[in-house]
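Listing of input.csv; format and content: CSV, C-alpha atoms and all ligand atoms.
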```csv
chain,number,residue,atom,x,y,z
J,4,MET,CA,84.9,111.6,68.0
J,5,PRO,CA,86.5,109.8,70.9
J,6,GLN,CA,86.4,106.1,70.8
J,7,GLU,CA,84.5,103.9,73.2
J,8,VAL,CA,87.2,101.3,73.5
J,9,ALA,CA,90.4,102.0,75.3
J,10,THR,CA,93.2,102.5,72.8
J,11,PRO,CA,96.9,101.7,73.5
J,12,GLU,CA,98.7,104.5,75.4
J,13,GLU,CA,100.6,105.8,72.3
J,14,ASP,CA,97.5,106.1,70.2
J,15,ARG,CA,95.8,107.9,73.1
J,16,GLN,CA,98.7,110.4,73.4
J,17,GLN,CA,98.7,111.1,69.7
J,18,GLU,CA,94.9,111.6,69.7
J,19,ASP,CA,95.3,113.9,72.8
J,20,GLN,CA,97.9,116.0,70.9
J,21,ARG,CA,95.6,116.4,68.0
J,22,LEU,CA,92.6,117.3,70.2
J,23,LEU,CA,94.8,119.6,72.3
J,24,ALA,CA,95.8,121.6,69.2
J,25,LEU,CA,92.2,121.9,68.2
J,26,ALA,CA,91.1,122.9,71.8
J,27,GLN,CA,93.9,125.5,72.0
J,28,ALA,CA,92.5,127.0,68.8
J,29,GLY,CA,89.1,127.3,70.6
J,30,ASP,CA,87.4,124.1,69.5
J,31,MET,CA,85.1,123.3,72.5
J,32,SER,CA,84.1,119.9,71.3
J,33,ALA,CA,87.8,118.9,71.1
J,34,PHE,CA,88.2,120.0,74.7
J,35,GLU,CA,85.2,117.9,75.7
J,36,ALA,CA,86.6,114.9,74.0
J,37,LEU,CA,89.8,115.3,76.1
J,38,VAL,CA,87.6,115.6,79.2
J,39,GLU,CA,85.8,112.4,78.3
J,40,ALA,CA,89.0,110.5,77.7
J,41,HIS,CA,90.5,111.5,81.0
J,42,ARG,CA,87.6,112.0,83.5
J,43,ASP,CA,87.7,108.5,84.8
J,44,LYS,CA,91.3,108.7,85.7
J,45,VAL,CA,90.9,112.1,87.3
J,46,PHE,CA,87.7,111.2,89.2
J,47,GLY,CA,89.3,107.9,90.3
J,48,LEU,CA,92.3,109.6,91.7
J,49,ALA,CA,90.1,112.2,93.5
J,50,LEU,CA,87.8,109.5,94.9
J,51,ARG,CA,90.6,107.3,96.2
J,52,MET,CA,92.3,110.3,97.8
J,53,THR,CA,89.3,112.0,99.4
J,54,ARG,CA,87.0,109.0,99.8
J,55,SER,CA,84.1,111.2,99.0
J,56,GLU,CA,82.1,111.1,95.8
J,57,ALA,CA,80.9,114.7,96.2
J,58,ASP,CA,84.5,116.0,96.8
J,59,ALA,CA,85.8,113.9,93.9
J,60,ALA,CA,83.1,115.3,91.6
J,61,GLU,CA,84.1,118.8,92.6
J,62,ILE,CA,87.8,118.1,92.2
J,63,ALA,CA,87.1,116.8,88.7
J,64,GLN,CA,85.3,120.0,87.9
J,65,ASP,CA,88.1,122.2,89.3
J,66,THR,CA,90.7,120.1,87.5
J,67,PHE,CA,89.3,120.4,84.1
J,68,LEU,CA,88.3,124.0,84.5
J,69,ALA,CA,91.9,124.8,85.6
J,70,ALA,CA,93.2,122.7,82.6
J,71,TYR,CA,90.9,124.8,80.3
J,72,GLN,CA,92.1,128.0,81.7
J,73,HIS,CA,95.7,127.1,81.3
J,74,LEU,CA,95.3,125.3,78.0
J,75,LYS,CA,97.2,127.9,76.0
J,76,GLU,CA,100.2,127.7,78.4
J,77,PHE,CA,100.4,123.9,78.1
J,78,ARG,CA,103.2,123.2,75.6
J,79,GLY,CA,102.8,119.5,75.3
J,80,ASP,CA,106.2,118.6,76.7
J,81,ALA,CA,104.4,116.1,78.9
J,82,ALA,CA,101.3,114.0,78.0
J,83,PHE,CA,98.0,115.8,78.5
J,84,GLY,CA,96.9,112.9,80.7
J,85,SER,CA,99.8,113.2,83.1
J,86,TRP,CA,99.3,117.0,83.2
J,87,VAL,CA,95.7,116.8,84.3
J,88,HIS,CA,96.5,114.0,86.6
J,89,ARG,CA,99.0,116.2,88.5
J,90,ILE,CA,96.5,119.0,88.6
J,91,ALA,CA,94.0,116.6,90.1
J,92,ALA,CA,96.5,115.3,92.6
J,93,ASN,CA,97.2,118.8,93.7
J,94,HIS,CA,93.5,119.7,94.1
J,95,ALA,CA,92.9,116.5,96.1
J,96,LEU,CA,95.9,117.1,98.4
J,97,MET,CA,94.8,120.7,99.1
J,98,ARG,CA,91.4,119.4,100.1
J,99,LEU,CA,93.0,116.7,102.4
J,100,ARG,CA,95.3,119.3,104.0
J,101,HIS,CA,92.4,121.5,104.7
J,102,ARG,CA,90.5,118.7,106.3
J,103,ARG,CA,93.5,117.5,108.3
J,104,VAL,CA,93.8,120.7,110.3
J,105,VAL,CA,91.3,119.3,112.8
J,106,GLN,CA,92.8,115.8,112.8
J,107,ALA,CA,95.0,114.3,115.5
J,108,ALA,CA,98.6,113.5,115.0
J,109,GLU,CA,99.3,110.4,113.0
J,110,ASP,CA,100.2,107.0,114.3
J,111,GLU,CA,103.4,105.4,113.3
J,112,LEU,CA,102.9,102.4,111.1
J,113,LYS,CA,104.4,99.3,112.5
J,114,GLY,CA,106.3,97.0,110.1
J,115,PRO,CA,106.5,93.2,110.4
J,116,GLU,CA,107.6,91.7,113.6
J,117,PHE,CA,111.1,90.2,114.0
J,118,THR,CA,112.7,87.9,116.5
J,119,GLU,CA,115.6,89.2,118.7
J,120,ARG,CA,118.0,87.8,116.1
J,121,GLY,CA,116.3,89.7,113.3
J,122,SER,CA,114.5,86.8,111.7
J,123,LEU,CA,110.9,87.2,110.5
J,124,ALA,CA,108.5,86.3,113.4
J,125,ASP,CA,105.6,85.5,111.0
J,126,TYR,CA,106.3,84.6,107.5
J,127,PRO,CA,104.0,84.2,104.5
J,128,GLU,CA,102.4,80.7,104.7
J,129,ARG,CA,102.3,80.6,101.0
J,130,ASP,CA,103.4,82.7,98.1
J,131,TRP,CA,100.2,84.3,96.8
J,132,SER,CA,102.0,86.7,94.4
J,133,ARG,CA,100.9,84.5,91.4
J,134,ASP,CA,97.3,84.9,92.3
J,135,ALA,CA,97.8,88.5,91.7
J,136,GLU,CA,98.3,88.0,88.0
J,137,GLY,CA,95.7,87.6,85.3
J,138,LYS,CA,92.2,86.6,86.4
J,139,ALA,CA,89.6,88.8,87.8
J,140,LEU,CA,90.2,90.0,91.3
J,141,ASP,CA,88.3,88.2,94.1
J,142,ALA,CA,85.6,90.6,95.4
J,143,GLU,CA,86.3,89.8,99.0
J,144,LEU,CA,90.0,90.5,98.5
J,145,GLY,CA,89.1,93.7,96.8
J,146,LEU,CA,87.1,94.8,99.8
J,147,ALA,CA,89.8,93.7,102.2
J,148,ILE,CA,92.3,95.9,100.3
J,149,GLN,CA,90.0,98.9,100.3
J,150,GLN,CA,89.5,98.6,104.0
J,151,ALA,CA,93.3,98.2,104.6
J,152,THR,CA,94.0,101.2,102.5
J,153,ASP,CA,91.4,103.2,104.4
J,154,ARG,CA,93.1,102.3,107.7
J,155,LEU,CA,96.4,103.7,106.7
J,156,PRO,CA,97.3,107.0,108.4
J,157,GLU,CA,96.7,109.9,106.0
J,158,GLY,CA,100.4,110.6,105.2
J,159,TYR,CA,101.1,107.0,104.3
J,160,ARG,CA,97.9,106.6,102.4
J,161,GLU,CA,98.5,109.7,100.2
J,162,VAL,CA,102.0,108.6,99.3
J,163,PHE,CA,101.0,105.0,98.5
J,164,LEU,CA,98.1,106.2,96.3
J,165,LEU,CA,100.1,108.8,94.5
J,166,LYS,CA,103.1,106.5,93.8
J,167,ASP,CA,101.7,102.9,93.5
J,168,VAL,CA,98.2,103.6,92.2
J,169,GLU,CA,98.5,106.9,90.3
J,170,GLY,CA,102.0,106.2,89.1
J,171,LEU,CA,103.6,109.6,90.0
J,172,SER,CA,107.3,109.7,90.5
J,173,TYR,CA,109.0,110.4,93.9
J,174,GLU,CA,110.0,113.8,92.6
J,175,GLN,CA,106.5,114.7,91.5
J,176,ILE,CA,105.1,113.7,94.8
J,177,SER,CA,107.8,115.7,96.6
J,178,GLU,CA,106.9,118.7,94.5
J,179,LEU,CA,103.2,118.3,95.4
J,180,THR,CA,103.5,117.5,99.1
J,181,GLY,CA,106.7,119.4,100.0
J,182,ASP,CA,108.1,116.3,101.7
J,183,SER,CA,111.6,115.1,101.0
J,184,VAL,CA,112.1,112.1,98.7
J,185,PRO,CA,113.7,110.0,101.5
J,186,ALA,CA,110.7,110.7,103.7
J,187,ILE,CA,108.3,109.8,100.9
J,188,LYS,CA,110.2,106.5,100.3
J,189,SER,CA,110.2,105.6,103.9
J,190,ARG,CA,106.4,106.1,104.2
J,191,LEU,CA,105.7,104.3,101.0
J,192,HIS,CA,107.7,101.3,102.2
J,193,ARG,CA,105.7,101.2,105.5
J,194,ALA,CA,102.4,101.5,103.6
J,195,ARG,CA,103.3,98.7,101.3
J,196,LEU,CA,104.3,96.5,104.2
J,197,ALA,CA,101.0,97.2,106.0
J,198,LEU,CA,99.0,96.4,102.8
J,199,ARG,CA,101.1,93.3,102.1
J,200,GLU,CA,100.3,92.2,105.6
J,201,ALA,CA,96.6,92.7,105.1
J,202,ILE,CA,96.5,90.7,101.9
J,203,ASP,CA,98.6,88.0,103.5
J,204,GLN,CA,96.0,87.8,106.3
J,205,PHE,CA,93.3,87.5,103.8
J,206,TYR,CA,95.0,84.6,102.0
J,207,ASN,CA,95.8,82.8,105.3
J,208,GLN,CA,92.1,83.0,106.4
J,209,GLY,CA,91.2,81.8,103.0
J,210,SER,CA,93.5,78.8,103.2
J,211,ALA,CA,91.9,77.8,106.5
J,212,ARG,CA,88.6,77.3,104.7
J,213,VAL,CA,90.1,75.0,102.1
H,3,MET,CA,125.4,88.3,107.2
H,4,TYR,CA,122.1,90.1,106.7
H,5,THR,CA,119.1,89.3,108.9
H,6,CYS,CA,115.5,89.1,107.6
H,7,LYS,CA,115.0,92.6,109.1
H,8,ASP,CA,118.0,94.0,107.2
H,9,SER,CA,116.7,92.5,104.0
H,10,ILE,CA,113.2,93.7,104.3
H,11,ASN,CA,114.4,97.2,105.1
H,12,LEU,CA,116.1,97.1,101.7
H,13,LEU,CA,113.3,95.7,99.6
H,14,MET,CA,112.1,98.9,98.1
H,15,ASP,CA,115.6,100.1,97.1
H,16,TYR,CA,116.2,96.7,95.7
H,17,LEU,CA,113.0,96.8,93.6
H,18,ASP,CA,113.8,100.4,92.6
H,19,GLY,CA,117.2,99.2,91.4
H,20,GLU,CA,118.8,101.7,93.8
H,21,MET,CA,121.1,99.6,95.9
H,22,THR,CA,124.9,99.7,96.2
H,23,PRO,CA,126.5,96.6,94.7
H,24,GLU,CA,127.6,95.7,98.2
H,25,ASP,CA,124.1,95.8,99.6
H,26,ALA,CA,122.8,93.9,96.6
H,27,GLN,CA,125.3,91.2,97.2
H,28,HIS,CA,124.4,90.9,100.9
H,29,LEU,CA,120.7,90.7,100.1
H,30,LYS,CA,121.3,88.1,97.4
H,31,GLU,CA,123.1,85.9,99.9
H,32,HIS,CA,120.4,86.2,102.4
H,33,LEU,CA,117.7,85.4,99.9
H,34,GLN,CA,119.5,82.3,98.8
H,35,GLY,CA,119.3,80.9,102.3
H,36,CYS,CA,116.0,82.2,103.4
H,37,ALA,CA,112.8,80.9,101.7
H,38,PRO,CA,110.4,83.1,103.9
H,39,CYS,CA,112.2,86.2,102.7
H,40,VAL,CA,111.8,85.1,99.1
H,41,ASP,CA,108.1,84.7,99.6
H,42,PHE,CA,108.0,88.0,101.4
H,43,LEU,CA,109.8,89.7,98.5
H,44,ARG,CA,107.4,88.2,95.9
H,45,THR,CA,104.3,89.2,97.9
H,46,TYR,CA,105.7,92.6,98.6
H,47,ARG,CA,106.3,93.1,94.9
H,48,ALA,CA,102.8,91.9,94.0
H,49,THR,CA,101.1,94.2,96.5
H,50,PRO,CA,101.0,97.5,94.5
H,51,GLY,CA,99.5,95.8,91.4
H,52,LEU,CA,96.8,94.0,93.5
H,53,CYS,CA,95.9,97.2,95.3
H,54,LYS,CA,95.7,99.2,92.1
H,55,ARG,CA,93.2,96.7,90.7
H,56,ALA,CA,91.2,96.6,93.9
H,57,LEU,CA,90.9,100.4,94.0
H,58,ALA,CA,90.0,101.0,90.3
H,59,LYS,CA,87.0,103.4,89.9
H,60,SER,CA,85.2,105.0,87.1
H,61,MET,CA,83.0,108.1,87.1
H,62,PRO,CA,79.3,107.4,87.4
H,63,GLN,CA,77.3,108.5,84.3
H,64,GLU,CA,75.3,111.1,86.3
H,65,LEU,CA,78.4,112.8,87.6
H,66,SER,CA,80.0,112.7,84.1
H,67,SER,CA,77.0,114.6,82.7
H,68,LYS,CA,77.2,117.1,85.5
H,69,LEU,CA,80.8,117.7,84.8
H,70,THR,CA,80.1,118.4,81.1
H,71,GLU,CA,77.3,120.8,82.1
H,72,PHE,CA,79.5,122.5,84.6
H,73,LEU,CA,82.3,123.1,82.1
H,74,ARG,CA,80.0,124.3,79.4
H,75,SER,CA,78.4,126.8,81.7
H,76,LYS,CA,81.8,128.1,83.1
H,77,ILE,CA,83.4,128.3,79.7
H,78,LYS,CA,80.5,130.0,78.0
H,79,SER,CA,80.2,132.6,80.7
H,80,ALA,CA,83.9,133.3,80.5
H,81,SER,CA,84.1,133.8,76.8
J,301,ZN,ZN,115.1,86.2,105.8
```

Translate this file's structure into structure tokens.
Ligand SMILES: [Zn+2]
Amino acid sequence: MPQEVATPEEDRQQEDQRLLALAQAGDMSAFEALVEAHRDKVFGLALRMTRSEADAAEIAQDTFLAAYQHLKEFRGDAAFGSWVHRIAANHALMRLRHRRVVQAAEDELKGPEFTERGSLADYPERDWSRDAEGKALDAELGLAIQQATDRLPEGYREVFLLKDVEGLSYEQISELTGDSVPAIKSRLHRARLALREAIDQFYNQGSARV
Amino acid sequence: MYTCKDSINLLMDYLDGEMTPEDAQHLKEHLQGCAPCVDFLRTYRATPGLCKRALAKSMPQELSSKLTEFLRSKIKSAS
């Protein structure tokens, strides 16, 4: 039986390998235990990428069905979790590509402003990086971040989500999107700058209230 | 001497540990004399982690049950 509490990653991987062997031998309840252990991660990825609960639910279905259909081919050279994660990323991207056909060309994301001499025009009024550690996330900040992420042009948003939120490597993203690693890095940097800016604005508004 | 602009362009390579020793040296020198860029670097580095926490989601119970039902029906009909 899968455990309710989250186990450390290594325990999870060992448990996955055990369940995988059973599932590959046709044990349906072992496969269901794998689904239960990984569905939040898969659904979360799909929801963040597509921003639609209905799409995310379908992607989760397609992902685990595909995983089941290819179960015998999966050799366990990667963790089961990262394998289904990549399947989900692929399904989510396909959906976004399909949607994007009707969308207009993307805006370029502007970075921070500099003076003529190349100095920062606006700099952080305070270093809020420590606030990011530990304690529960401020709900308003959480909302501000969600909105800022939603405002990113698609290509930037995808790369940011896949790399910084889902933890895929540049190479894995390149494989999924067909974009070059330098292009991915450049978009990721721009996306981070825009989100940093949004968080900075949130904290500066906050300090005006104090 | 690097400007803030040069330094900020290099932040990602710096955090990825993918800088030439020469660039790293230039960046270090700039950061030593530029407090705003140090704050910028720290907040840039904290951004992904904050976003990850803000964007965390779990699957609603109802959808989880539907997923299980869906897989059972598909897998049964295939075998
Ligand atoms: Zn500077």

Interface list for chain H, partner chain J, 9 Å threshold, only C-alpha atoms, as a tab-separated table (two decimals) with C-alpha atoms, keeping the file's coordinate frame:
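Output file result_16.tsv is given in full below:
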```tsv
chain	number	residue	atom	x	y	z
H	4	TYR	CA	122.10	90.10	106.70
H	5	THR	CA	119.10	89.30	108.90
H	6	CYS	CA	115.50	89.10	107.60
H	7	LYS	CA	115.00	92.60	109.10
H	8	ASP	CA	118.00	94.00	107.20
H	11	ASN	CA	114.40	97.20	105.10
H	13	LEU	CA	113.30	95.70	99.60
H	14	MET	CA	112.10	98.90	98.10
H	15	ASP	CA	115.60	100.10	97.10
H	38	PRO	CA	110.40	83.10	103.90
H	39	CYS	CA	112.20	86.20	102.70
H	40	VAL	CA	111.80	85.10	99.10
H	41	ASP	CA	108.10	84.70	99.60
H	42	PHE	CA	108.00	88.00	101.40
H	44	ARG	CA	107.40	88.20	95.90
H	45	THR	CA	104.30	89.20	97.90
H	46	TYR	CA	105.70	92.60	98.60
H	47	ARG	CA	106.30	93.10	94.90
H	48	ALA	CA	102.80	91.90	94.00
H	49	THR	CA	101.10	94.20	96.50
H	50	PRO	CA	101.00	97.50	94.50
H	51	GLY	CA	99.50	95.80	91.40
H	52	LEU	CA	96.80	94.00	93.50
H	53	CYS	CA	95.90	97.20	95.30
H	54	LYS	CA	95.70	99.20	92.10
H	55	ARG	CA	93.20	96.70	90.70
H	56	ALA	CA	91.20	96.60	93.90
H	57	LEU	CA	90.90	100.40	94.00
H	58	ALA	CA	90.00	101.00	90.30
H	59	LYS	CA	87.00	103.40	89.90
H	60	SER	CA	85.20	105.00	87.10
H	61	MET	CA	83.00	108.10	87.10
H	62	PRO	CA	79.30	107.40	87.40
H	65	LEU	CA	78.40	112.80	87.60
H	66	SER	CA	80.00	112.70	84.10
H	68	LYS	CA	77.20	117.10	85.50
H	69	LEU	CA	80.80	117.70	84.80
H	70	THR	CA	80.10	118.40	81.10
H	72	PHE	CA	79.50	122.50	84.60
H	73	LEU	CA	82.30	123.10	82.10
H	74	ARG	CA	80.00	124.30	79.40
H	76	LYS	CA	81.80	128.10	83.10
H	77	ILE	CA	83.40	128.30	79.70
```

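Closest to ligand ZN 301 (chain J) among H:Gly19, H:Leu29, H:Gln63, H:Glu71 is H:Leu29, based on all atoms listed in the file.
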
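In this model, the gap between atom CA of J:Glu111 and atom CA of J:Ala91 comes to 27.4 Å.
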
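Interatomic distance, atom CA of J:Lys75 to atom CA of J:Gln27: 5.7 Å.
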
Coordinates-based distance that separates atom CA of J:Ala49 from atom CA of J:Arg102 (Å, one decimal):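 Atom CA of J:Arg102 sits 14.4 Å away from atom CA of J:Ala49.
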
Ranking H:Leu17, H:Ser75, H:Gln34, H:Glu64 by minimum distance to ligand ZN 301 (chain J) and counting only C-alpha atoms and all ligand atoms, which one comes first?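 Once distances to ligand ZN 301 (chain J) are computed over only C-alpha atoms and all ligand atoms, the minimum belongs to H:Gln34.
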
Cut-off 12 Å around (91.3, 124.7, 71.1) with all atoms listed in the file: residues as a ChimeraX atom specification: /J:19-37,70-77

Which residue, J:Asn207, J:Met97, J:Tyr173, J:Arg103, has the smallest gap to J:Pro156 when you use all atoms listed in the file? J:Arg103

Which residue out of H:Lys78, H:Leu43, H:Pro23, H:Cys36 has the minimum interatomic distance to ligand ZN 301 (chain J) when all atoms listed in the file are used?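 Under the stated criterion, the closest residue is H:Cys36.
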
Where atoms are missing, can you supply all heavy atoms for stretch 129-140 of chain J and output the lot as a tab-separated table (two decimals), in the coordinates of the input?
```tsv
chain	number	residue	atom	x	y	z
J	129	ARG	N	102.13	81.06	102.43
J	129	ARG	CA	102.30	80.60	101.00
J	129	ARG	C	102.53	81.88	100.18
J	129	ARG	O	102.19	83.00	100.57
J	129	ARG	CB	101.10	79.85	100.54
J	129	ARG	CG	99.83	80.64	100.42
J	129	ARG	CD	98.67	79.70	100.15
J	129	ARG	NE	97.48	80.46	99.78
J	129	ARG	CZ	97.17	80.78	98.52
J	129	ARG	NH1	97.94	80.42	97.53
J	129	ARG	NH2	96.08	81.46	98.26
J	130	ASP	N	103.11	81.64	99.02
J	130	ASP	CA	103.40	82.70	98.10
J	130	ASP	C	102.18	82.96	97.24
J	130	ASP	O	101.89	82.18	96.34
J	130	ASP	CB	104.63	82.34	97.26
J	130	ASP	CG	104.84	83.30	96.11
J	130	ASP	OD1	104.30	84.42	96.15
J	130	ASP	OD2	105.54	82.91	95.15
J	131	TRP	N	101.45	84.03	97.54
J	131	TRP	CA	100.20	84.30	96.80
J	131	TRP	C	100.45	85.28	95.65
J	131	TRP	O	99.50	85.76	95.01
J	131	TRP	CB	99.12	84.83	97.71
J	131	TRP	CG	99.57	85.82	98.74
J	131	TRP	CD1	99.82	85.55	100.06
J	131	TRP	CD2	99.83	87.22	98.58
J	131	TRP	NE1	100.23	86.69	100.71
J	131	TRP	CE2	100.24	87.73	99.83
J	131	TRP	CE3	99.77	88.09	97.49
J	131	TRP	CZ2	100.60	89.06	100.02
J	131	TRP	CZ3	100.11	89.42	97.68
J	131	TRP	CH2	100.53	89.89	98.93
J	132	SER	N	101.73	85.61	95.39
J	132	SER	CA	102.00	86.70	94.40
J	132	SER	C	101.46	86.27	93.00
J	132	SER	O	101.08	87.13	92.24
J	132	SER	CB	103.48	86.98	94.33
J	132	SER	OG	104.21	85.85	93.93
J	133	ARG	N	101.42	84.95	92.74
J	133	ARG	CA	100.90	84.50	91.40
J	133	ARG	C	99.44	84.71	91.26
J	133	ARG	O	98.95	84.88	90.15
J	133	ARG	CB	101.29	83.05	91.18
J	133	ARG	CG	102.75	82.79	91.30
J	133	ARG	CD	103.26	82.04	90.11
J	133	ARG	NE	104.63	82.42	89.87
J	133	ARG	CZ	105.19	82.42	88.69
J	133	ARG	NH1	104.49	82.08	87.63
J	133	ARG	NH2	106.45	82.76	88.53
J	134	ASP	N	98.74	84.65	92.37
J	134	ASP	CA	97.30	84.90	92.30
J	134	ASP	C	96.97	86.28	91.84
J	134	ASP	O	95.87	86.57	91.41
J	134	ASP	CB	96.65	84.70	93.70
J	134	ASP	CG	96.83	83.29	94.22
J	134	ASP	OD1	97.82	82.65	93.83
J	134	ASP	OD2	96.00	82.83	95.01
J	135	ALA	N	97.96	87.14	92.00
J	135	ALA	CA	97.80	88.50	91.70
J	135	ALA	C	97.72	88.75	90.16
J	135	ALA	O	97.27	89.78	89.67
J	135	ALA	CB	98.86	89.39	92.28
J	136	GLU	N	98.21	87.79	89.41
J	136	GLU	CA	98.30	88.00	88.00
J	136	GLU	C	97.04	87.49	87.26
J	136	GLU	O	96.39	86.56	87.72
J	136	GLU	CB	99.51	87.20	87.42
J	136	GLU	CG	100.83	87.73	87.94
J	136	GLU	CD	101.95	86.70	87.85
J	136	GLU	OE1	101.79	85.70	87.13
J	136	GLU	OE2	102.97	86.90	88.54
J	137	GLY	N	96.76	88.09	86.14
J	137	GLY	CA	95.70	87.60	85.30
J	137	GLY	C	94.28	87.75	85.82
J	137	GLY	O	93.80	88.86	85.96
J	138	LYS	N	93.70	86.65	86.21
J	138	LYS	CA	92.20	86.60	86.40
J	138	LYS	C	91.62	87.73	87.24
J	138	LYS	O	92.30	88.51	87.88
J	138	LYS	CB	91.87	85.25	87.11
J	138	LYS	CG	92.95	84.67	87.97
J	138	LYS	CD	92.46	83.54	88.80
J	138	LYS	CE	93.40	83.44	89.99
J	138	LYS	NZ	93.18	82.48	90.95
J	139	ALA	N	90.32	87.74	87.17
J	139	ALA	CA	89.60	88.80	87.80
J	139	ALA	C	89.85	88.77	89.33
J	139	ALA	O	90.06	87.72	89.92
J	139	ALA	CB	88.09	88.65	87.58
J	140	LEU	N	89.86	89.93	89.93
J	140	LEU	CA	90.20	90.00	91.30
J	140	LEU	C	88.99	89.55	92.19
J	140	LEU	O	87.86	89.92	91.94
J	140	LEU	CB	90.46	91.51	91.65
J	140	LEU	CG	91.10	91.83	92.98
J	140	LEU	CD1	92.55	91.39	92.99
J	140	LEU	CD2	91.02	93.33	93.22
```
